[in-house]
2 protein chains.
Amino acid sequence: MAAYMNMDTLRFLLTQVHNISDLFQYSRFKDYDEETILTFLDAIKDFSDKELFPYFREMDEKPAYFKNNSIIAHPQLKKVMRQSGEMGVIGATFDAEYGGLQMPEIASQAVYFIMSSANNHCVGYPALTGGAADLILTFGSEKLKELYATKMLSGEWGGTMCLTEPQAGSSLSDLTTAATSTDEGFYQIKGQKIFISGGDHEYCDNFVHLLLARIDGAPAGTKGISLFVVPKKRITDTGELEDNDVLTAGDFQKLGQRGYCTTHLVFGESGNCHGWLVGEANQGLKYMFQMMNGARISVGRDAVSVSSAAYHASLQYANERPQGRRLSNDGSKNPNANPVLIKEHPDVRRMLLLQKAIYEGSLSLTLQTALYHDLSRVALAEEKEKYHLLLELLTPIAKTYPSEKGREAVDNGVQILGGYGYCSDFVLQQHLRDIRIMAIYEGTTGIQSLDLLGRKVMLKNGKALELLVAEIMQTIGKAQAHDELKPYSKQLGTTLQEAKGIIDFLVPFAMKGQYERFLSDATIFMEYMGTLIIAWQWLKIAIAAKEASLNNKDTYTSKFYESKIHTMRFFYKYELPRITGLAATIKHPEVLTLLDGEEKEW
Amino acid sequence: MAAYMNMDTLRFLLTQVHNISDLFQYSRFKDYDEETILTFLDAIKDFSDKELFPYFREMDEKPAYFKNNSIIAHPQLKKVMRQSGEMGVIGATFDAEYGGLQMPEIASQAVYFIMSSANNHCVGYPALTGGAADLILTFGSEKLKELYATKMLSGEWGGTMCLTEPQAGSSLSDLTTAATSTDEGFYQIKGQKIFISGGDHEYCDNFVHLLLARIDGAPAGTKGISLFVVPKKRITDTGELEDNDVLTAGDFQKLGQRGYCTTHLVFGESGNCHGWLVGEANQGLKYMFQMMNGARISVGRDAVSVSSAAYHASLQYANERPQGRRLSNDGSKNPNANPVLIKEHPDVRRMLLLQKAIYEGSLSLTLQTALYHDLSRVALAEEKEKYHLLLELLTPIAKTYPSEKGREAVDNGVQILGGYGYCSDFVLQQHLRDIRIMAIYEGTTGIQSLDLLGRKVMLKNGKALELLVAEIMQTIGKAQAHDELKPYSKQLGTTLQEAKGIIDFLVPFAMKGQYERFLSDATIFMEYMGTLIIAWQWLKIAIAAKEASLNNKDTYTSKFYESKIHTMRFFYKYELPRITGLAATIKHPEVLTLLDGEEKEW
């Protein structure tokens, strides 16, 4: 079978770069050790080999579609959902008391990374179900937990998040779905939601929608949004399932991820759609953001997964395809010599290394972010805030860098195959289509960038940023111990200084009340920060590889460790310099993208 | 009807930036003036509106396919081919004596730009037919001209270029298609060709393949390649058409350009395929490169066309879609205010300007390159070489920049539509798929980059480069006359100096016999040069706009001219700084992409 990810790299990142074993000292994770986690990952790899990867092409070629008010999806979904439930994947991080495995988030991300690399069309179904169940378990009433969460953890019922409406798009403050209070403990829900991933299919017995709506009379804007549980079929007092007036009105046909349905749902068209309030009224957006933040990290992780699959597919081609010859010293070629494998050509090697640098660096960032999530949950009281702030700051970057640069990585994978890369007979064009959605799902790159600069950098007067700088400085300090790593550590330090300069330039605009100007180049700032953060991750990886080599750790071969250092060098030579000019762009005195006065001619 | 290109911008580039009227002094073009050219373009626009654009979505949704040894393509092709013939598009630049319009190449590129923006799936059919006929008219015998060229110019017969073979890919020196001499003036052809664009369909009565093959006993490598005319149906002595043993074996299904068939052809399977030698034996690659160079510029132009269509589609959406609100001074938003059009959001404006900067700058480069082509043909003897060298140097850039950066432009168009951009109901995802092939057709970006650095920069001891520098310096000098343009002229000068530094760093590797090292970062060098060249084009555009404003030229509105200068500023703020760090990458002491000794672990 074709490779779609590298287990050694994943294990190395978990155990030697991010030291997952540090987590097992905390009582929440006391039942785990490295071996149990790695064994679990092996089981997931086996499951992915057998039940996910073989259906990857087919789910693209036979996409989910809408027919007779329902969605026809691939029948393999039934096995995916049930087995994800049985293996504990859906509730991997949940408390044991709710039937979860109480596993660290970093391990759960590793699990989904494997599954999504094998088949990114599948994982959204169990992953969103887990996210929805998590919301109920965190903020819902005991009754909601009891009635809905168990069936979701087992994969029998699917879960979704229902935010987007046709007229509002990314602007959540314009939601109009209405919730009308009744005397019977539920609300009557009425409205339409679009782009609802995994919103309906025949392989789950029921769907539990976590839906944002506005209670009659609630304040305008985001302050008047509440969160509801709205099942497709509601549970009667006698425990039966009855129709809850949730109509499936369509399935959006997409460029990629065609096996993952994207539904249009109509709630309460017959005035008989019951919803149950989760937590307090008008606090819905805050609750939803717990799920949303998790979903953002997961979208980034899925982008890493597609990049991983594309890298391995193009690597395999480069390892098998003979074409052309290497140049001799004087630039000539001997036409009588045998052609070489294309991976011997420098430009092909560059494209392979670029993919590897982007996807492995991004994977490290996903795990780093998940680790902060774990620490924000289990660390001592005074440290919790630290890790929470780091998590908040890294979330938009962990979503965006893999989505934006992963696209470039996959694109280079296509290019390695030349004309074949563009042909439907080869899988690379599917990866290219699949990954394109990641910069759109759960808040576009523009929205993530506003979040990073407008909210996260400003958080607690810049405290999150200070903490991040401290973390990066710690890595820089460690690298200084190794002569071989000093130049990169210095380069990262210079970049970090420049980042501070950019922030010092931008923040005064917010202070001066020029808020639109402050944020006008937020996307460029995101590009700068994303690259800086991945450079940091690569230095961490190089330190771990260096130390393992020095200590004669033979968990992996010396070639394995050398390859990590080589890829770090590649990132620092080819990628980090790409942001050199962006500081000048951001600090440029001309403001060209604000509408000021009359509209220009386009 | 939705806009797909801007006639004012095209006219302005032709008449005020590239001064097409300067060409009419030469006897070859003496029958033309600005008005006749612009009137012809209006007729093409009308034709494109009526016969091309309306079929654009449909050609994607109902792709060409293979059935019963033939290709089923869209029936509108018949009209496209015949009308392209009748209007003179196919032979627009050909000598009048051969039935051509003897129009400048720059005008012909403008014609195809309009057509391709309307429907890029169609234009390859007439364009390649023209290129193939041109080869016959330039190098073929009188008999070949008489028998084949006329029917191609009328669009009754299609023409192709047959280079690629399954085992050889980009490595033309490994071609194995065989040509065996006979006593009857023709050769017996035997071999297979793949990725043959427009290679067969029912809407042309015959196909004339310009095919590379190896005459028995010819030297190995590219020195043993000859060019042949191999028709699908050959003409008997009595003027009948008879089958020539050219079998259509398949059609490659592609990610995009699905209306443009990509065929697999088998020649001489029954030992009865006649081919006629074009020009001298073993000179085939040289001849073919006349067509190839034209095709490379045309692929770049098609990339510009798709970028243009995508820009206008996303602009239309941004002009119609209300969503969200602008930020007030303190960063808050009033949820009770009406939503604004999304084009008022700075990040959407940035994405629109980025598209505009890339596609209009690229269009200017296409026209610039075509103008050099015209001048290399008509200028006085001593100037001919100059323009020929400039044409040679710009060709790989005119192919690559629009293909690589155009993809980024289209990608930003998709992003403007958010989730809708990813849905099949909207056209942007089609543009994204269509443009992806441009970096592969007629030599991948890697191959163009080797051509630029390895051949063109080294051409005549760097003379082509010297000439280009002189052209750019002339533009810089002109810009100095306008205070408003001085900063940009200075920025361009600095970049040009740095480019020279890069070349001075690289060339010694070639001299020292480290040829593989010399070329190992050719693709990064291409990225640098492409951006520099487009910055040059934008400065030219800004000078023309500035001078027109100063002279109160009212051909276009003052807003039109301001918008050109604004977009130039955008390019110099957002795009030109992106290559700042690339000089450091290229000059970096570490060499990471050469296979040296044992293979690394991937």
# chains A, B, ... in the order shown; residues from 1 in each chain; ligands from 1

$ interface_residues --of "chain B" --to "chain A" --cutoff "7 Å" --atoms "only C-alpha atoms" --output "PyMOL selection string"
chain B and resi 168+171+173+220-221+252-255+323-324+327-331+335-336+344+346-347+349-350+418-419+422-424+429+437+440+446+513-516+520+559-560+563+570+573-574+577-578+580-582+585+588+592-595+600-602

$ write_last_selection --atoms "C-alpha atoms" --output "PDB file, in the first residue's frame"
ATOM      1  CA  ALA B 168      10.418  10.321 -21.891  1.00  0.00           C
ATOM      2  CA  SER B 171      13.320  14.575 -21.576  1.00  0.00           C
ATOM      3  CA  SER B 173      16.487  13.429 -25.890  1.00  0.00           C
ATOM      4  CA  ALA B 220      21.405   9.736 -29.881  1.00  0.00           C
ATOM      5  CA  GLY B 221      19.944  12.605 -27.897  1.00  0.00           C
ATOM      6  CA  PHE B 252      -6.444  12.076 -20.432  1.00  0.00           C
ATOM      7  CA  GLN B 253      -9.077  13.238 -17.950  1.00  0.00           C
ATOM      8  CA  LYS B 254      -7.766  16.328 -16.244  1.00  0.00           C
ATOM      9  CA  LEU B 255      -8.261  18.526 -13.213  1.00  0.00           C
ATOM     10  CA  GLN B 323     -21.601  41.070   4.713  1.00  0.00           C
ATOM     11  CA  GLY B 324     -20.276  42.430   7.997  1.00  0.00           C
ATOM     12  CA  LEU B 327     -14.590  48.711  12.003  1.00  0.00           C
ATOM     13  CA  SER B 328     -15.190  51.943  13.854  1.00  0.00           C
ATOM     14  CA  ASN B 329     -12.256  53.883  15.282  1.00  0.00           C
ATOM     15  CA  ASP B 330     -12.244  51.968  18.549  1.00  0.00           C
ATOM     16  CA  GLY B 331     -12.541  48.588  16.844  1.00  0.00           C
ATOM     17  CA  PRO B 335     -24.735  45.457  14.818  1.00  0.00           C
ATOM     18  CA  ASN B 336     -27.740  47.639  14.011  1.00  0.00           C
ATOM     19  CA  GLU B 344     -15.270  47.672   1.549  1.00  0.00           C
ATOM     20  CA  PRO B 346      -9.537  46.070   3.641  1.00  0.00           C
ATOM     21  CA  ASP B 347      -8.559  42.421   3.286  1.00  0.00           C
ATOM     22  CA  ARG B 349      -9.610  45.048  -1.264  1.00  0.00           C
ATOM     23  CA  ARG B 350      -6.126  43.635  -0.764  1.00  0.00           C
ATOM     24  CA  GLY B 418     -15.437  32.261   1.019  1.00  0.00           C
ATOM     25  CA  GLY B 419     -17.330  28.977   1.201  1.00  0.00           C
ATOM     26  CA  TYR B 422     -15.274  26.263  -3.023  1.00  0.00           C
ATOM     27  CA  CYS B 423     -18.698  25.262  -4.366  1.00  0.00           C
ATOM     28  CA  SER B 424     -19.271  23.972  -7.871  1.00  0.00           C
ATOM     29  CA  GLN B 429     -13.237  26.810  -8.550  1.00  0.00           C
ATOM     30  CA  ILE B 437      -1.955  23.323 -15.987  1.00  0.00           C
ATOM     31  CA  ILE B 440       3.157  22.361 -16.655  1.00  0.00           C
ATOM     32  CA  GLY B 446      11.547  23.961 -13.433  1.00  0.00           C
ATOM     33  CA  GLY B 513      32.553  23.516 -13.913  1.00  0.00           C
ATOM     34  CA  GLN B 514      30.021  23.228 -11.111  1.00  0.00           C
ATOM     35  CA  TYR B 515      27.116  23.277 -13.503  1.00  0.00           C
ATOM     36  CA  GLU B 516      24.608  21.417 -11.358  1.00  0.00           C
ATOM     37  CA  SER B 520      20.319  24.191  -8.491  1.00  0.00           C
ATOM     38  CA  LYS B 559     -10.079  57.602 -12.322  1.00  0.00           C
ATOM     39  CA  PHE B 560      -8.879  55.021 -14.818  1.00  0.00           C
ATOM     40  CA  SER B 563      -6.327  53.246 -10.661  1.00  0.00           C
ATOM     41  CA  PHE B 570       0.255  48.140  -4.517  1.00  0.00           C
ATOM     42  CA  LYS B 573       4.368  47.751  -1.518  1.00  0.00           C
ATOM     43  CA  TYR B 574       3.075  44.181  -1.390  1.00  0.00           C
ATOM     44  CA  PRO B 577       9.337  43.181  -1.238  1.00  0.00           C
ATOM     45  CA  ARG B 578       8.512  39.463  -1.382  1.00  0.00           C
ATOM     46  CA  THR B 580      13.895  40.713  -0.808  1.00  0.00           C
ATOM     47  CA  GLY B 581      14.927  37.570   1.029  1.00  0.00           C
ATOM     48  CA  LEU B 582      15.437  35.441  -2.065  1.00  0.00           C
ATOM     49  CA  THR B 585      18.504  32.212  -0.228  1.00  0.00           C
ATOM     50  CA  HIS B 588      23.324  31.017   1.034  1.00  0.00           C
ATOM     51  CA  LEU B 592      20.901  21.369   0.339  1.00  0.00           C
ATOM     52  CA  THR B 593      19.320  20.071  -2.842  1.00  0.00           C
ATOM     53  CA  LEU B 594      22.190  18.310  -4.612  1.00  0.00           C
ATOM     54  CA  LEU B 595      22.416  14.567  -4.215  1.00  0.00           C
ATOM     55  CA  LYS B 600      19.306  10.770   2.620  1.00  0.00           C
ATOM     56  CA  GLU B 601      16.300   9.500   4.512  1.00  0.00           C
ATOM     57  CA  TRP B 602      13.150  11.194   3.230  1.00  0.00           C
TER      58      TRP B 602
END

$ residues_around --residues "Gly462 of chain A" --least-positions-apart "6" --cutoff "10 Å" --atoms "only C-alpha atoms" --output "JSON, numbers by chain"
{"A": [389, 455, 456]}

$ write_last_selection --atoms "N, CA and C atoms" --output "compact mmCIF listing (two decimals), in the first residue's frame"
# COMPACT_ATOMS: atom_id res chain seq x y z
N LEU A 389 -3.26 31.12 27.66
CA LEU A 389 -2.95 32.25 26.78
C LEU A 389 -2.12 31.80 25.58
N ARG A 455 -7.23 40.45 18.43
CA ARG A 455 -7.61 39.94 19.76
C ARG A 455 -6.44 39.32 20.51
N LYS A 456 -5.76 38.37 19.89
CA LYS A 456 -4.81 37.56 20.62
C LYS A 456 -3.54 38.33 20.98

$ closest_residue --among "A:Asp216, A:Leu247, A:Arg296, A:Thr238" --to "Ala281 of chain A" --atoms "only C-alpha atoms"
A:Asp216

$ select_by_dssp --residues "segment 199-389 of chain B" --states "alpha helix (DSSP H)" --output "VMD selection string"
chain B and resid 284 to 320 346 to 378 381 to 389

$ residues_around --residues "Pro231 of chain B" --least-positions-apart "4" --cutoff "6 Å" --atoms "only C-alpha atoms" --output "PyMOL selection string"
chain B and resi 207-209

$ atom_distance --atom1 "atom CA of Ala213 of chain B" --atom2 "atom CA of Thr177 of chain B"
4.8 Å

$ residues_around --residues "segment 198-200 of chain A" --least-positions-apart "4" --cutoff "9 Å" --atoms "only C-alpha atoms" --output "list of chain:residue names"
A:Ser70, A:Ile71, A:Ile72, A:Ala73, A:Gly124, A:Tyr125, A:Leu128, A:Thr129, A:Gly158, A:Gly159, A:Thr160, A:Met161, A:Cys162, A:Cys204, A:Asn206, A:Phe207, A:Val208, A:His209, A:Lys232, A:Thr248, A:Tyr260, A:Cys261, A:Thr262, A:Thr263, A:His264, A:Leu265

$ write_last_selection --atoms "N, CA and C atoms" --output "PDB file, in the first residue's frame"
ATOM      1  N   SER A  70     -32.662  13.700   1.411  1.00  0.00           N
ATOM      2  CA  SER A  70     -31.616  13.177   2.286  1.00  0.00           C
ATOM      3  C   SER A  70     -30.291  13.141   1.536  1.00  0.00           C
ATOM      4  N   ILE A  71     -29.236  12.863   2.268  1.00  0.00           N
ATOM      5  CA  ILE A  71     -27.899  12.865   1.701  1.00  0.00           C
ATOM      6  C   ILE A  71     -27.458  11.428   1.498  1.00  0.00           C
ATOM      7  N   ILE A  72     -27.015  11.133   0.288  1.00  0.00           N
ATOM      8  CA  ILE A  72     -26.488   9.798   0.018  1.00  0.00           C
ATOM      9  C   ILE A  72     -24.967   9.881   0.144  1.00  0.00           C
ATOM     10  N   ALA A  73     -24.445   9.219   1.150  1.00  0.00           N
ATOM     11  CA  ALA A  73     -22.997   9.267   1.385  1.00  0.00           C
ATOM     12  C   ALA A  73     -22.415   7.867   1.191  1.00  0.00           C
ATOM     13  N   GLY A 124     -13.957  14.169   9.556  1.00  0.00           N
ATOM     14  CA  GLY A 124     -14.844  15.208  10.078  1.00  0.00           C
ATOM     15  C   GLY A 124     -16.062  14.626  10.767  1.00  0.00           C
ATOM     16  N   TYR A 125     -16.552  13.498  10.275  1.00  0.00           N
ATOM     17  CA  TYR A 125     -17.761  12.907  10.872  1.00  0.00           C
ATOM     18  C   TYR A 125     -17.547  12.565  12.350  1.00  0.00           C
ATOM     19  N   LEU A 128     -16.262  16.046  14.442  1.00  0.00           N
ATOM     20  CA  LEU A 128     -17.279  17.045  14.803  1.00  0.00           C
ATOM     21  C   LEU A 128     -18.262  16.467  15.816  1.00  0.00           C
ATOM     22  N   THR A 129     -18.536  15.181  15.694  1.00  0.00           N
ATOM     23  CA  THR A 129     -19.426  14.535  16.669  1.00  0.00           C
ATOM     24  C   THR A 129     -18.821  14.636  18.070  1.00  0.00           C
ATOM     25  N   GLY A 158     -24.635  11.230  14.970  1.00  0.00           N
ATOM     26  CA  GLY A 158     -23.672  12.237  14.529  1.00  0.00           C
ATOM     27  C   GLY A 158     -23.916  13.575  15.207  1.00  0.00           C
ATOM     28  N   GLY A 159     -22.903  14.376  15.265  1.00  0.00           N
ATOM     29  CA  GLY A 159     -23.042  15.722  15.841  1.00  0.00           C
ATOM     30  C   GLY A 159     -22.528  16.767  14.866  1.00  0.00           C
ATOM     31  N   THR A 160     -23.094  17.966  14.929  1.00  0.00           N
ATOM     32  CA  THR A 160     -22.643  19.043  14.032  1.00  0.00           C
ATOM     33  C   THR A 160     -22.561  20.361  14.782  1.00  0.00           C
ATOM     34  N   MET A 161     -22.001  21.359  14.133  1.00  0.00           N
ATOM     35  CA  MET A 161     -22.085  22.732  14.622  1.00  0.00           C
ATOM     36  C   MET A 161     -22.788  23.557  13.545  1.00  0.00           C
ATOM     37  N   CYS A 162     -23.869  24.244  13.955  1.00  0.00           N
ATOM     38  CA  CYS A 162     -24.681  24.993  12.994  1.00  0.00           C
ATOM     39  C   CYS A 162     -24.552  26.486  13.258  1.00  0.00           C
ATOM     40  N   CYS A 204     -25.970   7.253  10.351  1.00  0.00           N
ATOM     41  CA  CYS A 204     -26.162   7.506  11.769  1.00  0.00           C
ATOM     42  C   CYS A 204     -27.672   7.512  12.008  1.00  0.00           C
ATOM     43  N   ASN A 206     -29.279   9.188  14.162  1.00  0.00           N
ATOM     44  CA  ASN A 206     -29.817  10.495  14.543  1.00  0.00           C
ATOM     45  C   ASN A 206     -28.671  11.512  14.445  1.00  0.00           C
ATOM     46  N   PHE A 207     -29.034  12.792  14.380  1.00  0.00           N
ATOM     47  CA  PHE A 207     -28.028  13.859  14.384  1.00  0.00           C
ATOM     48  C   PHE A 207     -28.358  14.874  15.463  1.00  0.00           C
ATOM     49  N   VAL A 208     -27.317  15.274  16.166  1.00  0.00           N
ATOM     50  CA  VAL A 208     -27.512  16.242  17.245  1.00  0.00           C
ATOM     51  C   VAL A 208     -26.800  17.529  16.825  1.00  0.00           C
ATOM     52  N   HIS A 209     -27.613  18.536  16.497  1.00  0.00           N
ATOM     53  CA  HIS A 209     -27.054  19.795  16.021  1.00  0.00           C
ATOM     54  C   HIS A 209     -26.838  20.753  17.186  1.00  0.00           C
ATOM     55  N   LYS A 232     -32.086  15.971  15.172  1.00  0.00           N
ATOM     56  CA  LYS A 232     -32.909  15.666  13.999  1.00  0.00           C
ATOM     57  C   LYS A 232     -34.169  14.922  14.452  1.00  0.00           C
ATOM     58  N   THR A 248     -33.553  18.344   5.576  1.00  0.00           N
ATOM     59  CA  THR A 248     -32.338  18.461   4.770  1.00  0.00           C
ATOM     60  C   THR A 248     -32.741  18.996   3.406  1.00  0.00           C
ATOM     61  N   TYR A 260     -17.246  14.254   2.071  1.00  0.00           N
ATOM     62  CA  TYR A 260     -17.666  14.875   3.329  1.00  0.00           C
ATOM     63  C   TYR A 260     -18.813  15.826   2.999  1.00  0.00           C
ATOM     64  N   CYS A 261     -20.043  15.447   3.386  1.00  0.00           N
ATOM     65  CA  CYS A 261     -21.194  16.230   2.928  1.00  0.00           C
ATOM     66  C   CYS A 261     -21.263  17.604   3.594  1.00  0.00           C
ATOM     67  N   THR A 262     -21.795  18.545   2.866  1.00  0.00           N
ATOM     68  CA  THR A 262     -21.907  19.939   3.303  1.00  0.00           C
ATOM     69  C   THR A 262     -23.348  20.349   3.084  1.00  0.00           C
ATOM     70  N   THR A 263     -24.113  20.319   4.159  1.00  0.00           N
ATOM     71  CA  THR A 263     -25.564  20.330   3.975  1.00  0.00           C
ATOM     72  C   THR A 263     -26.211  21.689   4.219  1.00  0.00           C
ATOM     73  N   HIS A 264     -27.383  21.786   3.685  1.00  0.00           N
ATOM     74  CA  HIS A 264     -28.271  22.924   3.909  1.00  0.00           C
ATOM     75  C   HIS A 264     -29.443  22.375   4.730  1.00  0.00           C
ATOM     76  N   LEU A 265     -29.617  22.911   5.935  1.00  0.00           N
ATOM     77  CA  LEU A 265     -30.661  22.393   6.826  1.00  0.00           C
ATOM     78  C   LEU A 265     -31.708  23.470   7.102  1.00  0.00           C
TER      79      LEU A 265
END

$ residues_around --residues "Phe94 of chain A" --least-positions-apart "4" --cutoff "9 Å" --atoms "only C-alpha atoms" --output "mmCIF file with C-alpha atoms, in the first residue's frame"
data_model
loop_
_atom_site.group_PDB
_atom_site.id
_atom_site.type_symbol
_atom_site.label_atom_id
_atom_site.label_comp_id
_atom_site.auth_asym_id
_atom_site.auth_seq_id
_atom_site.Cartn_x
_atom_site.Cartn_y
_atom_site.Cartn_z
ATOM 1 C CA ILE A 90 -14.669 10.153 19.411
ATOM 2 C CA TYR A 98 -18.580 10.251 30.705
ATOM 3 C CA GLY A 99 -17.175 7.207 28.942
ATOM 4 C CA GLY A 100 -14.108 8.983 27.552
ATOM 5 C CA LEU A 101 -10.535 7.677 27.455
ATOM 6 C CA GLN A 102 -9.198 10.757 29.286
ATOM 7 C CA MET A 103 -6.305 10.789 26.838
ATOM 8 C CA GLY A 130 -16.834 14.547 19.428
ATOM 9 C CA ASP A 134 -17.884 17.898 24.323
ATOM 10 C CA LEU A 137 -20.793 17.631 28.421
#

$ select_by_dssp --residues "segment 31-93 of chain A" --states "strand (DSSP E or B)" --output "NGL selection string"
:A and (65-67 or 70-72)

$ atom_distance --atom1 "atom CA of Ala127 of chain B" --atom2 "atom CA of Ala295 of chain B"
8.5 Å

$ residues_around --residues "Val17 of chain A" --least-positions-apart "4" --cutoff "8 Å" --atoms "only C-alpha atoms" --output "list in words"
Phe12, Leu13, Lys540, Ile541 and Ala544 of chain A

$ decode --residues "segment 522-541 of chain A" --atoms "N, CA and C atoms" --output "short mmCIF file (atom, residue, chain, number, x, y, z; two decimals), in the first residue's frame"
data_model
loop_
_atom_site.label_atom_id
_atom_site.label_comp_id
_atom_site.auth_asym_id
_atom_site.auth_seq_id
_atom_site.Cartn_x
_atom_site.Cartn_y
_atom_site.Cartn_z
N ALA A 522 -3.49 42.68 8.55
CA ALA A 522 -3.45 41.56 9.49
C ALA A 522 -3.05 40.26 8.79
N THR A 523 -3.46 40.08 7.55
CA THR A 523 -3.14 38.83 6.85
C THR A 523 -1.64 38.73 6.56
N ILE A 524 -1.01 39.87 6.27
CA ILE A 524 0.44 39.86 6.06
C ILE A 524 1.15 39.57 7.38
N PHE A 525 0.61 40.16 8.45
CA PHE A 525 1.16 39.89 9.78
C PHE A 525 1.06 38.40 10.11
N MET A 526 -0.07 37.80 9.77
CA MET A 526 -0.26 36.36 9.99
C MET A 526 0.80 35.57 9.22
N GLU A 527 1.06 35.97 8.00
CA GLU A 527 2.05 35.27 7.18
C GLU A 527 3.43 35.35 7.86
N TYR A 528 3.73 36.53 8.37
CA TYR A 528 5.00 36.72 9.07
C TYR A 528 5.08 35.81 10.30
N MET A 529 4.06 35.89 11.12
CA MET A 529 4.08 35.14 12.38
C MET A 529 4.05 33.63 12.15
N GLY A 530 3.28 33.20 11.16
CA GLY A 530 3.21 31.77 10.87
C GLY A 530 4.58 31.20 10.53
N THR A 531 5.29 31.91 9.68
CA THR A 531 6.60 31.43 9.26
C THR A 531 7.58 31.44 10.44
N LEU A 532 7.50 32.50 11.25
CA LEU A 532 8.34 32.57 12.45
C LEU A 532 8.08 31.39 13.39
N ILE A 533 6.81 31.08 13.58
CA ILE A 533 6.44 30.01 14.51
C ILE A 533 6.93 28.65 13.99
N ILE A 534 6.83 28.44 12.69
CA ILE A 534 7.30 27.16 12.15
C ILE A 534 8.83 27.09 12.22
N ALA A 535 9.49 28.21 12.05
CA ALA A 535 10.95 28.22 12.23
C ALA A 535 11.31 27.83 13.66
N TRP A 536 10.51 28.31 14.59
CA TRP A 536 10.71 27.93 16.01
C TRP A 536 10.53 26.42 16.18
N GLN A 537 9.44 25.89 15.59
CA GLN A 537 9.21 24.45 15.70
C GLN A 537 10.37 23.66 15.09
N TRP A 538 10.90 24.13 13.97
CA TRP A 538 12.00 23.40 13.33
C TRP A 538 13.27 23.44 14.19
N LEU A 539 13.46 24.56 14.88
CA LEU A 539 14.65 24.60 15.76
C LEU A 539 14.47 23.60 16.91
N LYS A 540 13.27 23.54 17.44
CA LYS A 540 12.97 22.54 18.48
C LYS A 540 13.24 21.12 17.98
N ILE A 541 12.77 20.87 16.75
CA ILE A 541 12.96 19.53 16.17
C ILE A 541 14.46 19.24 16.03
#
